[in-house]
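Q: Below: one structure in structure tokens.
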Amino acid sequence: MDERHDKLKGGFSTRSVHGGESRRKPSHSITNPIVQTATYVFSDTDELIDFVTGKTDREEYGRYGNPTKTVAERKLAELEGGEDAALFSSGMNAFTSVLLAMLSSGAHVIIMDECYRRSRQFCLQALPRYGIDVSLVKTGDYEALEAAITDRTRIIVSESPTNPYLNVIDLERIAVLGRTHGVKTLIDGTFATPFNQRPLEFGIDLVVHSATKYLGGHNDLLAGVVIGNAGLVAAIREFRDVTGGIVDPHGAYLLIRGLKTFALRMEQHNRNGLAIASFLEAHPRIRRVYYPGLASHPHHEIARRQMTGFGGVVSFEIDGDMQTASRFIDRLRIPFIGPSLGGVESLIEQPAIMSFYEMEPEDRLAIGIKDELVRFSVGIENVDDLIDDLDQALKGIS
Ligand SMILES: Cc1ncc(COP(=O)(O)O)c(C=O)c1O
């Protein structure tokens, strides 16, 4: 790596643009090339022997390494403030790999009940088949969390903020609990991103993100990342290099490209999110708004302490029933109806229909998914246009 790269750390935006990259790139290109290859070749046997005996450091095979992917990993580690990062083919692949790499039969895991439903599904359905016990603890119930820790507990898993109610976890409290009991802590920070929250600074051991969301930022790639200290990440990377959940070089390039404008995008997501949450909170057709940047959010104070912005996801309840909320969504002209979040395009969904339609209404309600709940992933469009659009759609359902 170019020496000047190492000296160039700088502010968040500088690291978004330059972090992890060498100043001098092949063919004097300003952009980092996509090294689209499955394997790497040796010019003769001596060169191969130098490599296998550790005299040279280079790539050998695509599952073990790729220069485009390495740049994306370094950039993400710099943004999160971690020693190392390992990229995966999706957020779920990152999450499942971290747990499988760190756990053995007989171990015990604690996961908070507001974690992404596929993460919960993996913990509650898949891990027990490998002899790993799992406890589900109410998000934010720190006494129940401590009571659930046993001498077999290896990891505590949470998200912050959570989906869809944007509840915020006290990161320092979780980190202290983990350290006191010798248990590792893992936070899925997808909704916050390192622009708004850096759990490692609060003593958390590992952070995972679905890079499919804000990090990529353009709804055009799937990737996941784990960031933390070098020893832990090295073990997880070794596991990945065996199981093969790698991101492809083109996906890594798109991620680097997306990260160039990360700080700019996040500023706009934060601004738009807060403006829209405030608009909705004052609207007579809205029953309740969930946004940690609003003083009315139950976790506003802790959010202010540990976050520098509150992101672009705003959840709210329409004054009406499931059909009223659907009519409102169908009248909107700018946001697309679709799952996911964190891209430049606004996306809107009714969780009761998008992800939980198969469930009986009482079961949905039991896990807190109300029929009239709407989750809005606010994009980076002009906020006045978005507010006008919301306003006309709300007037239309009156
Ligand atoms: C908080 C959170 N974590 C993880 C994931 C999984 O990420 P991916 O879809 O990239 O596998 C998601 C996806 O929606 C998510 O919202």
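FYI, nothing fancy with the structure tokens labels: chains A, B, ... in order, residues from 1 per chain, ligands from 1 as they appear.
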Can you pull out the residues contacting range 247-251 of chain A? Cut-off 7 Å, using only C-alpha atoms, and skip same-chain residues under 3 positions away; I want them as a VMD selection string.
A: chain A and resid 34 to 36 68 to 69 87 to 89 221 223 254 to 255
Q: Can those selected residues be exported to a file as a PDB file, in the first residue's frame so that it contains C-alpha atoms?
A:
```
ATOM      1  CA  ILE A  34     -12.364  -4.200 -10.819  1.00  0.00           C
ATOM      2  CA  VAL A  35     -10.005  -7.168 -10.774  1.00  0.00           C
ATOM      3  CA  GLN A  36     -12.451  -9.564 -12.402  1.00  0.00           C
ATOM      4  CA  THR A  68     -11.070  -4.767  -5.270  1.00  0.00           C
ATOM      5  CA  LYS A  69     -12.700  -6.471  -2.296  1.00  0.00           C
ATOM      6  CA  LEU A  87     -16.933  -8.522   3.396  1.00  0.00           C
ATOM      7  CA  PHE A  88     -19.588 -11.113   2.587  1.00  0.00           C
ATOM      8  CA  SER A  89     -22.054 -11.790  -0.198  1.00  0.00           C
ATOM      9  CA  LEU A 221     -25.853  -4.550  -4.838  1.00  0.00           C
ATOM     10  CA  ALA A 223     -23.215  -7.334   0.454  1.00  0.00           C
ATOM     11  CA  LEU A 254     -20.086  -0.852  -6.702  1.00  0.00           C
ATOM     12  CA  LEU A 255     -19.710  -0.668  -2.933  1.00  0.00           C
TER      13      LEU A 255
END
```
Q: Please return as a PyMOL selection string the residues found within 10 Å of ligand 1, counting only C-alpha atoms and all ligand atoms.
A: chain A and resi 88-96+114-119+158-164+187-192+208-213+221-225+339-342
Q: Emit the selected residues as a short mmCIF file (atom, residue, chain, number, x, y, z; two decimals), in the first residue's frame, including N, CA and C atoms.
A:
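Saved the output as out.cif:
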```cif
data_model
loop_
_atom_site.label_atom_id
_atom_site.label_comp_id
_atom_site.auth_asym_id
_atom_site.auth_seq_id
_atom_site.Cartn_x
_atom_site.Cartn_y
_atom_site.Cartn_z
N PHE A 88 -18.85 -9.89 2.91
CA PHE A 88 -19.59 -11.11 2.59
C PHE A 88 -20.57 -10.83 1.45
N SER A 89 -21.16 -11.92 0.96
CA SER A 89 -22.05 -11.79 -0.20
C SER A 89 -23.38 -11.12 0.14
N SER A 90 -23.74 -11.05 1.42
CA SER A 90 -24.97 -10.35 1.83
C SER A 90 -24.87 -10.07 3.33
N GLY A 91 -25.78 -9.25 3.82
CA GLY A 91 -25.81 -8.97 5.25
C GLY A 91 -26.07 -10.25 6.03
N MET A 92 -27.00 -11.07 5.55
CA MET A 92 -27.31 -12.32 6.25
C MET A 92 -26.11 -13.25 6.26
N ASN A 93 -25.37 -13.27 5.16
CA ASN A 93 -24.19 -14.12 5.11
C ASN A 93 -23.14 -13.65 6.13
N ALA A 94 -23.02 -12.35 6.29
CA ALA A 94 -22.08 -11.82 7.29
C ALA A 94 -22.54 -12.25 8.69
N PHE A 95 -23.82 -12.04 8.97
CA PHE A 95 -24.36 -12.34 10.30
C PHE A 95 -24.21 -13.83 10.64
N THR A 96 -24.67 -14.69 9.73
CA THR A 96 -24.63 -16.13 10.02
C THR A 96 -23.18 -16.62 10.12
N GLU A 114 -36.04 -7.78 18.90
CA GLU A 114 -36.37 -6.89 17.77
C GLU A 114 -35.33 -6.97 16.66
N CYS A 115 -34.45 -7.97 16.72
CA CYS A 115 -33.50 -8.12 15.61
C CYS A 115 -34.24 -8.49 14.33
N TYR A 116 -33.62 -8.21 13.21
CA TYR A 116 -34.17 -8.53 11.89
C TYR A 116 -34.72 -9.95 11.91
N ARG A 117 -35.92 -10.15 11.34
CA ARG A 117 -36.62 -11.43 11.53
C ARG A 117 -35.83 -12.61 10.98
N ARG A 118 -35.02 -12.41 9.92
CA ARG A 118 -34.24 -13.54 9.40
C ARG A 118 -33.07 -13.87 10.33
N SER A 119 -32.54 -12.85 11.02
CA SER A 119 -31.47 -13.10 12.00
C SER A 119 -32.04 -13.91 13.16
N SER A 158 -27.53 -7.85 19.23
CA SER A 158 -28.62 -6.89 19.17
C SER A 158 -28.50 -6.02 17.93
N GLU A 159 -29.53 -5.25 17.70
CA GLU A 159 -29.50 -4.25 16.65
C GLU A 159 -29.74 -2.90 17.30
N SER A 160 -29.29 -1.85 16.66
CA SER A 160 -29.62 -0.52 17.13
C SER A 160 -29.39 0.48 16.01
N PRO A 161 -30.41 1.26 15.65
CA PRO A 161 -31.80 1.17 16.02
C PRO A 161 -32.45 -0.07 15.41
N THR A 162 -33.62 -0.45 15.99
CA THR A 162 -34.28 -1.66 15.52
C THR A 162 -35.36 -1.35 14.50
N ASN A 163 -35.82 -2.39 13.87
CA ASN A 163 -36.83 -2.29 12.83
C ASN A 163 -38.14 -2.88 13.35
N PRO A 164 -39.30 -2.29 13.15
CA PRO A 164 -39.55 -1.02 12.48
C PRO A 164 -39.71 0.16 13.43
N ILE A 187 -23.28 -6.04 17.41
CA ILE A 187 -24.37 -5.11 17.08
C ILE A 187 -24.55 -5.06 15.57
N ASP A 188 -25.80 -5.24 15.11
CA ASP A 188 -26.14 -4.98 13.72
C ASP A 188 -26.48 -3.50 13.63
N GLY A 189 -25.60 -2.75 12.97
CA GLY A 189 -25.77 -1.30 12.91
C GLY A 189 -26.29 -0.81 11.57
N THR A 190 -26.97 -1.69 10.85
CA THR A 190 -27.42 -1.37 9.49
C THR A 190 -28.22 -0.08 9.41
N PHE A 191 -29.16 0.12 10.35
CA PHE A 191 -30.05 1.28 10.27
C PHE A 191 -29.30 2.58 10.58
N ALA A 192 -28.24 2.49 11.38
CA ALA A 192 -27.54 3.72 11.79
C ALA A 192 -26.40 4.06 10.82
N VAL A 208 -21.89 -5.64 12.60
CA VAL A 208 -22.21 -6.13 11.25
C VAL A 208 -23.16 -5.13 10.59
N HIS A 209 -23.08 -5.08 9.28
CA HIS A 209 -24.00 -4.26 8.49
C HIS A 209 -24.48 -5.04 7.28
N SER A 210 -25.71 -4.82 6.91
CA SER A 210 -26.11 -5.17 5.56
C SER A 210 -25.63 -4.01 4.69
N ALA A 211 -24.56 -4.24 3.92
CA ALA A 211 -24.03 -3.18 3.05
C ALA A 211 -24.94 -2.94 1.85
N THR A 212 -25.93 -3.82 1.72
CA THR A 212 -26.97 -3.68 0.69
C THR A 212 -27.73 -2.36 0.88
N LYS A 213 -27.73 -1.86 2.12
CA LYS A 213 -28.57 -0.71 2.47
C LYS A 213 -27.78 0.59 2.28
N LEU A 221 -26.79 -3.48 -5.21
CA LEU A 221 -25.85 -4.55 -4.84
C LEU A 221 -26.32 -5.20 -3.55
N LEU A 222 -25.85 -6.43 -3.36
CA LEU A 222 -26.05 -7.13 -2.07
C LEU A 222 -24.67 -7.40 -1.49
N ALA A 223 -24.48 -7.05 -0.23
CA ALA A 223 -23.21 -7.33 0.45
C ALA A 223 -23.42 -7.19 1.96
N GLY A 224 -22.51 -7.74 2.70
CA GLY A 224 -22.54 -7.61 4.16
C GLY A 224 -21.12 -7.46 4.66
N VAL A 225 -20.98 -6.92 5.87
CA VAL A 225 -19.63 -6.71 6.39
C VAL A 225 -19.62 -6.91 7.90
N PRO A 339 -39.40 -3.85 -0.48
CA PRO A 339 -38.63 -4.08 0.75
C PRO A 339 -37.29 -3.37 0.65
N SER A 340 -36.51 -3.47 1.71
CA SER A 340 -35.19 -2.85 1.80
C SER A 340 -35.28 -1.39 2.21
N LEU A 341 -34.12 -0.79 2.36
CA LEU A 341 -34.00 0.59 2.87
C LEU A 341 -32.60 1.10 2.57
N GLY A 342 -32.43 2.39 2.75
CA GLY A 342 -31.08 2.95 2.72
C GLY A 342 -30.56 3.34 1.36
#
```
Q: Pick out the closest residue to Thr243 in chain A from this set: A:Leu76, A:Ala107, A:Gly81, A:Leu100. Count only C-alpha atoms.
A: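 Under the stated criterion, the closest residue is A:Leu100.
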Q: With only C-alpha atoms as the basis for distance, which of A:Asp388, A:Glu238, A:Glu281, A:Asp319 is at the shortest distance from Met102 in chain A?
A: A:Glu238
Q: Choose the residue, out of A:Ala72, A:Leu365, A:Lys395, A:Met307, that has the smallest atom-to-atom separation from Pro284 in chain A; count only C-alpha atoms.
A: A:Lys395
